[in-house]
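**Q** Just passing along the structure, written as structure tokens.
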Amino acid sequence: MNSQEFRQGLLESRLLYDGGAPGLYHRSDCFEDVVRSVEDYVSLAGHDENTPKLFFSPVVPVTTLKGSGYVDSFPNLLGTVNSFSGDDASLATLRQRLADDDEWLELFSPTEVGLCSAACHPLYPLLVGSPLPATGLTFEVQASCFRHEPSSEPARMQSFRQHEFVFVGTADAALSHRDHWLGRAQRLLSDLGLPIDSVEANDPFFGRSGRLLAAGQVEKKLKFEAVTPLSGASPNAIASANYHEDHFGTAYDLRLPDRSVAHSACFGFGLERISLALFFHHGFEVDSWPAEVKERLTLRHSPTSRIST
Ligand SMILES: [Zn+2]
């Protein structure tokens with residue numbers, strides 16, 4: 001099944017509804033049920049860490065987009081929010097353009113907010129000014145994220161949720177957090193009947209200077225992805241393990257008790273991507289999924305008991 005056949009199957013099965021722009025989808029009750037089951041499944045796996053859990057707003061201040069370095073490195077992927085702040089005269093112009101079916105968006109101007117770029121980005125500003133313990137801090141976070149990557153490939157949505165386990169502390173502890181979660185996630189995802197590979201990866205930094213950043217990221221082995229075949233020409237990442245070095249620690253002046261700058265790492269599960277992978281590998285009918293997969297997920301459409309991992 002190629003990506004267009006997969007997309008067609010998702011739409012015809014009424015699991016997803018075309019959202020009206022490439023890469024935008026509305027979700028059915030059944031699809032959402034799978035997404036939330038996957039969320040519970042990965043959350044339960046991290047439960048032993050007894051971490052604070054935060055659900056971030058899908059809209060964040062533009063200072064968060066800048067502070068994370070996202071504006072600098074991925075300007076082509078981010079989304080800012082515009083609104084109308086004109087006077088009565090420009091309102092009349094706006095209404096006329098709407099009536100004439102003419103271009104109206106240029107009458108809108110930037111606001112102080114934009115769309116969340118990655119689930120862990122709103123966390124770091126919250127840590128400013130609060131002392132970090134020497135053992136570091138772990139957080140479980142989730143956000144709806146936006147990437148302007150219009151595509152007809154169902155795995156490349158413009159709006160999707162990331163569920164992350166984030167660590168801020170020493171370099172060694174950040175690396176072991178990332179590697180621990182990479183191993184754990186491979187087992188968790190394999191237990192859902194998905195063929196999983198772990199590969200070195202890089203982020204799609206923009207421009208010529210971005211290619212150097214991407215090469216450095218690979219050379220230093222900062223990023224790994226858990227990938228699975230998902231109708232595209234090559235396997236898609238459904239989870240990623242990232243060691244940020246002191247990038248966020250420096251950006252927000254996050255320091256350990258010895259005054260050294262904190263390092264950080266995050267492990268992110270792509271909730272929609274994992275759900276899509278389940279439909280791709282097990283079929284559009286949840287009821288006919290393998291019993292052991294249904295046993296591990298709590299699906300309202302096929303009531304099963306949960307098995308903790
Ligand atoms: Zn992250």
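In the structure tokens, each chain is lettered A, B, ... as it comes, each chain's residues begin at 1, and ligands are numbered from 1 in order of appearance.
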Which chains and residue numbers are within 8 Å of ligand 1, counting only C-alpha atoms and all ligand atoms, if I want them as a VMD selection string?

**A** chain A and resid 118 to 121 164 to 166 242 265 to 268

**Q** Leaving out Arg27 of chain A and any residue of its chain fewer than 6 positions from it, which residues lie within 8 Å of it when counting only C-alpha atoms, given as a list in words?

**A**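 Once the adjacent positions are removed, what remains is Leu15, Leu16 and Tyr17 of chain A.
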
**Q** Identify, with DSSP run on backbone atoms, the residues in segment 63-242 of chain A assigned to alpha helix (DSSP H), and express the list as number ranges by chain.

**A** A: 63-67, 70-73, 88-99, 123-126, 171-190, 207-219

**Q** Dump C-alpha atoms for the selected residues as a PDB file, in the first residue's frame?

**A**
ATOM      1  CA  THR A  63       9.464  34.580  22.724  1.00  0.00           C
ATOM      2  CA  THR A  64       9.275  30.798  23.230  1.00  0.00           C
ATOM      3  CA  LEU A  65       9.724  30.204  19.488  1.00  0.00           C
ATOM      4  CA  LYS A  66      12.753  32.511  19.510  1.00  0.00           C
ATOM      5  CA  GLY A  67      14.183  31.189  22.786  1.00  0.00           C
ATOM      6  CA  TYR A  70      13.314  27.431  16.267  1.00  0.00           C
ATOM      7  CA  VAL A  71      13.010  30.773  14.466  1.00  0.00           C
ATOM      8  CA  ASP A  72      16.715  30.694  13.702  1.00  0.00           C
ATOM      9  CA  SER A  73      16.925  27.087  12.548  1.00  0.00           C
ATOM     10  CA  ASP A  88     -12.690  51.619  10.995  1.00  0.00           C
ATOM     11  CA  ALA A  89     -11.337  52.599   7.588  1.00  0.00           C
ATOM     12  CA  SER A  90      -9.284  49.423   7.247  1.00  0.00           C
ATOM     13  CA  LEU A  91     -12.242  47.399   8.525  1.00  0.00           C
ATOM     14  CA  ALA A  92     -14.250  48.763   5.622  1.00  0.00           C
ATOM     15  CA  THR A  93     -11.431  47.723   3.288  1.00  0.00           C
ATOM     16  CA  LEU A  94     -11.375  44.272   4.840  1.00  0.00           C
ATOM     17  CA  ARG A  95     -15.130  43.817   4.407  1.00  0.00           C
ATOM     18  CA  GLN A  96     -14.971  44.983   0.823  1.00  0.00           C
ATOM     19  CA  ARG A  97     -12.193  42.523   0.044  1.00  0.00           C
ATOM     20  CA  LEU A  98     -14.149  39.698   1.658  1.00  0.00           C
ATOM     21  CA  ALA A  99     -17.215  40.644  -0.359  1.00  0.00           C
ATOM     22  CA  LEU A 123       9.040  23.786  29.390  1.00  0.00           C
ATOM     23  CA  TYR A 124      12.391  25.589  29.547  1.00  0.00           C
ATOM     24  CA  PRO A 125      11.002  29.122  30.134  1.00  0.00           C
ATOM     25  CA  LEU A 126       9.094  27.687  33.110  1.00  0.00           C
ATOM     26  CA  ALA A 171      25.387  15.961  30.521  1.00  0.00           C
ATOM     27  CA  ASP A 172      25.889  12.336  31.610  1.00  0.00           C
ATOM     28  CA  ALA A 173      22.434  12.059  33.121  1.00  0.00           C
ATOM     29  CA  ALA A 174      20.832  13.680  30.050  1.00  0.00           C
ATOM     30  CA  LEU A 175      22.539  11.162  27.777  1.00  0.00           C
ATOM     31  CA  SER A 176      21.499   8.221  29.913  1.00  0.00           C
ATOM     32  CA  HIS A 177      17.888   9.543  29.990  1.00  0.00           C
ATOM     33  CA  ARG A 178      17.863   9.629  26.196  1.00  0.00           C
ATOM     34  CA  ASP A 179      19.441   6.202  25.763  1.00  0.00           C
ATOM     35  CA  HIS A 180      17.267   4.613  28.441  1.00  0.00           C
ATOM     36  CA  TRP A 181      14.109   5.898  26.732  1.00  0.00           C
ATOM     37  CA  LEU A 182      15.317   4.867  23.278  1.00  0.00           C
ATOM     38  CA  GLY A 183      15.685   1.264  24.439  1.00  0.00           C
ATOM     39  CA  ARG A 184      12.422   1.360  26.361  1.00  0.00           C
ATOM     40  CA  ALA A 185      10.513   2.858  23.415  1.00  0.00           C
ATOM     41  CA  GLN A 186      11.824   0.227  21.005  1.00  0.00           C
ATOM     42  CA  ARG A 187      10.386  -2.456  23.280  1.00  0.00           C
ATOM     43  CA  LEU A 188       7.105  -0.582  23.818  1.00  0.00           C
ATOM     44  CA  LEU A 189       6.554  -0.024  20.105  1.00  0.00           C
ATOM     45  CA  SER A 190       7.630  -3.555  19.140  1.00  0.00           C
ATOM     46  CA  GLY A 207      19.509  26.786   4.578  1.00  0.00           C
ATOM     47  CA  ARG A 208      23.196  26.344   3.850  1.00  0.00           C
ATOM     48  CA  SER A 209      24.302  26.945   7.437  1.00  0.00           C
ATOM     49  CA  GLY A 210      21.632  24.451   8.470  1.00  0.00           C
ATOM     50  CA  ARG A 211      23.374  21.708   6.527  1.00  0.00           C
ATOM     51  CA  LEU A 212      26.429  22.192   8.734  1.00  0.00           C
ATOM     52  CA  LEU A 213      24.266  22.002  11.867  1.00  0.00           C
ATOM     53  CA  ALA A 214      22.642  18.822  10.586  1.00  0.00           C
ATOM     54  CA  ALA A 215      26.047  17.288   9.806  1.00  0.00           C
ATOM     55  CA  GLY A 216      27.295  18.204  13.305  1.00  0.00           C
ATOM     56  CA  GLN A 217      24.204  16.650  14.836  1.00  0.00           C
ATOM     57  CA  VAL A 218      24.901  13.362  13.056  1.00  0.00           C
ATOM     58  CA  GLU A 219      28.626  13.458  13.795  1.00  0.00           C
TER      59      GLU A 219
END

**Q** Measuring between only C-alpha atoms, which one of A:Val141, A:Val62, A:Met157, A:Val199 shows the shortest distance to Val113 of chain A?

**A**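 Using only C-alpha atoms, Val113 of chain A sits closest to A:Val62.
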
**Q** Let's see if you can do this: from backbone DSSP, list all strand (DSSP E) residues in segment 44-203 of chain A, as JSON, numbers by chain.

**A** {"A": [53, 54, 55, 59, 60, 61, 80, 81, 82, 83, 109, 110, 111, 112, 113, 114, 115, 137, 138, 139, 140, 141, 142, 143, 144, 145, 146, 159, 160, 161, 162, 163, 164, 165, 166, 167, 168, 169, 197, 198, 199, 200, 201]}

**Q** In Å, how far is it from atom CA of Pro235 of chain A to atom CA of Leu278 of chain A?

**A**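 Here the two named atoms are 13.8 Å from each other.
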
**Q** Could you tell me which of A:Asn50, A:Ser234, A:Ser117, A:Ser3 comes closest to Gly79 of chain A if we count only C-alpha atoms?

**A**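 Closest to Gly79 of chain A of all the choices is A:Ser117.
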
**Q** Nearest to Leu105 of chain A: which of A:Val81, A:Ser130, A:Leu11, A:Pro22 is it, counting only C-alpha atoms?

**A**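 Among the listed residues, the smallest separation from Leu105 of chain A belongs to A:Val81.
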
**Q** Can you list, as a list in words, every protein, DNA or RNA residue that comes within 6 Å of segment 247-252 of chain A when you count only C-alpha atoms, leaving out same-chain residues fewer than 3 positions away?

**A**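 These residues fall inside the cut-off: His244, Val261, Ala262 and His263 of chain A.
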
**Q** In Å, with one decimal, what is the gap from atom CA of Ala239 of chain A to atom CA of Glu225 of chain A?

**A**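 Rounded to one decimal, the two atoms are 5.8 Å apart.
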
**Q** Which of these residues is nearest to Arg36 of chain A, using only C-alpha atoms: A:Lys221, A:His163, A:Val59, A:Arg259?

**A**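 Using only C-alpha atoms, the shortest distance to Arg36 of chain A belongs to A:His163.
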
**Q** Any idea what's packed within 12 Å of Met1 of chain A, counting only C-alpha atoms, ignoring anything in its chain fewer than 2 positions away? Could you give it as a list in words?

**A**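 These residues fall inside the cut-off: Ser3, Gln4, Glu5, Phe6, Arg7, Gln8, Gly9, Leu10, Pro229, Leu230, Ser231, Gly232, Ala233, Phe279, Phe280, His281 and Gly283 of chain A.
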
**Q** Keeping only C-alpha atoms, write the selected residues to a file as a compact mmCIF listing (two decimals), in the first residue's frame.

**A**
# COMPACT_ATOMS: atom_id res chain seq x y z
CA SER A 3 0.98 6.55 0.75
CA GLN A 4 -1.91 7.63 -1.49
CA GLU A 5 -3.64 4.27 -1.12
CA PHE A 6 -3.09 4.50 2.65
CA ARG A 7 -4.51 8.05 2.74
CA GLN A 8 -7.49 6.98 0.67
CA GLY A 9 -8.08 4.03 2.99
CA LEU A 10 -8.00 6.25 6.07
CA PRO A 229 7.52 1.51 7.40
CA LEU A 230 4.49 3.79 7.06
CA SER A 231 3.46 3.81 3.39
CA GLY A 232 6.20 6.25 2.33
CA ALA A 233 9.22 5.47 0.15
CA PHE A 279 -3.56 1.26 11.23
CA PHE A 280 -0.98 0.71 8.48
CA HIS A 281 0.37 -2.54 9.94
CA GLY A 283 -5.54 -2.70 9.18

**Q** Using only C-alpha atoms, find the one residue out of A:Leu132, A:Leu77, A:Val168, A:Val42 that sits nearest to Thr298 of chain A.

**A**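 Looking at the shortest contact to Thr298 of chain A, the residue is A:Val42.
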
**Q** Select, from A:Glu140, A:Glu106, A:Asp29, A:Asp197, the residue with the minimum atom-to-atom distance to Ala45 of chain A, counting only C-alpha atoms.

**A**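 Smallest separation from Ala45 of chain A among the options: A:Glu140.
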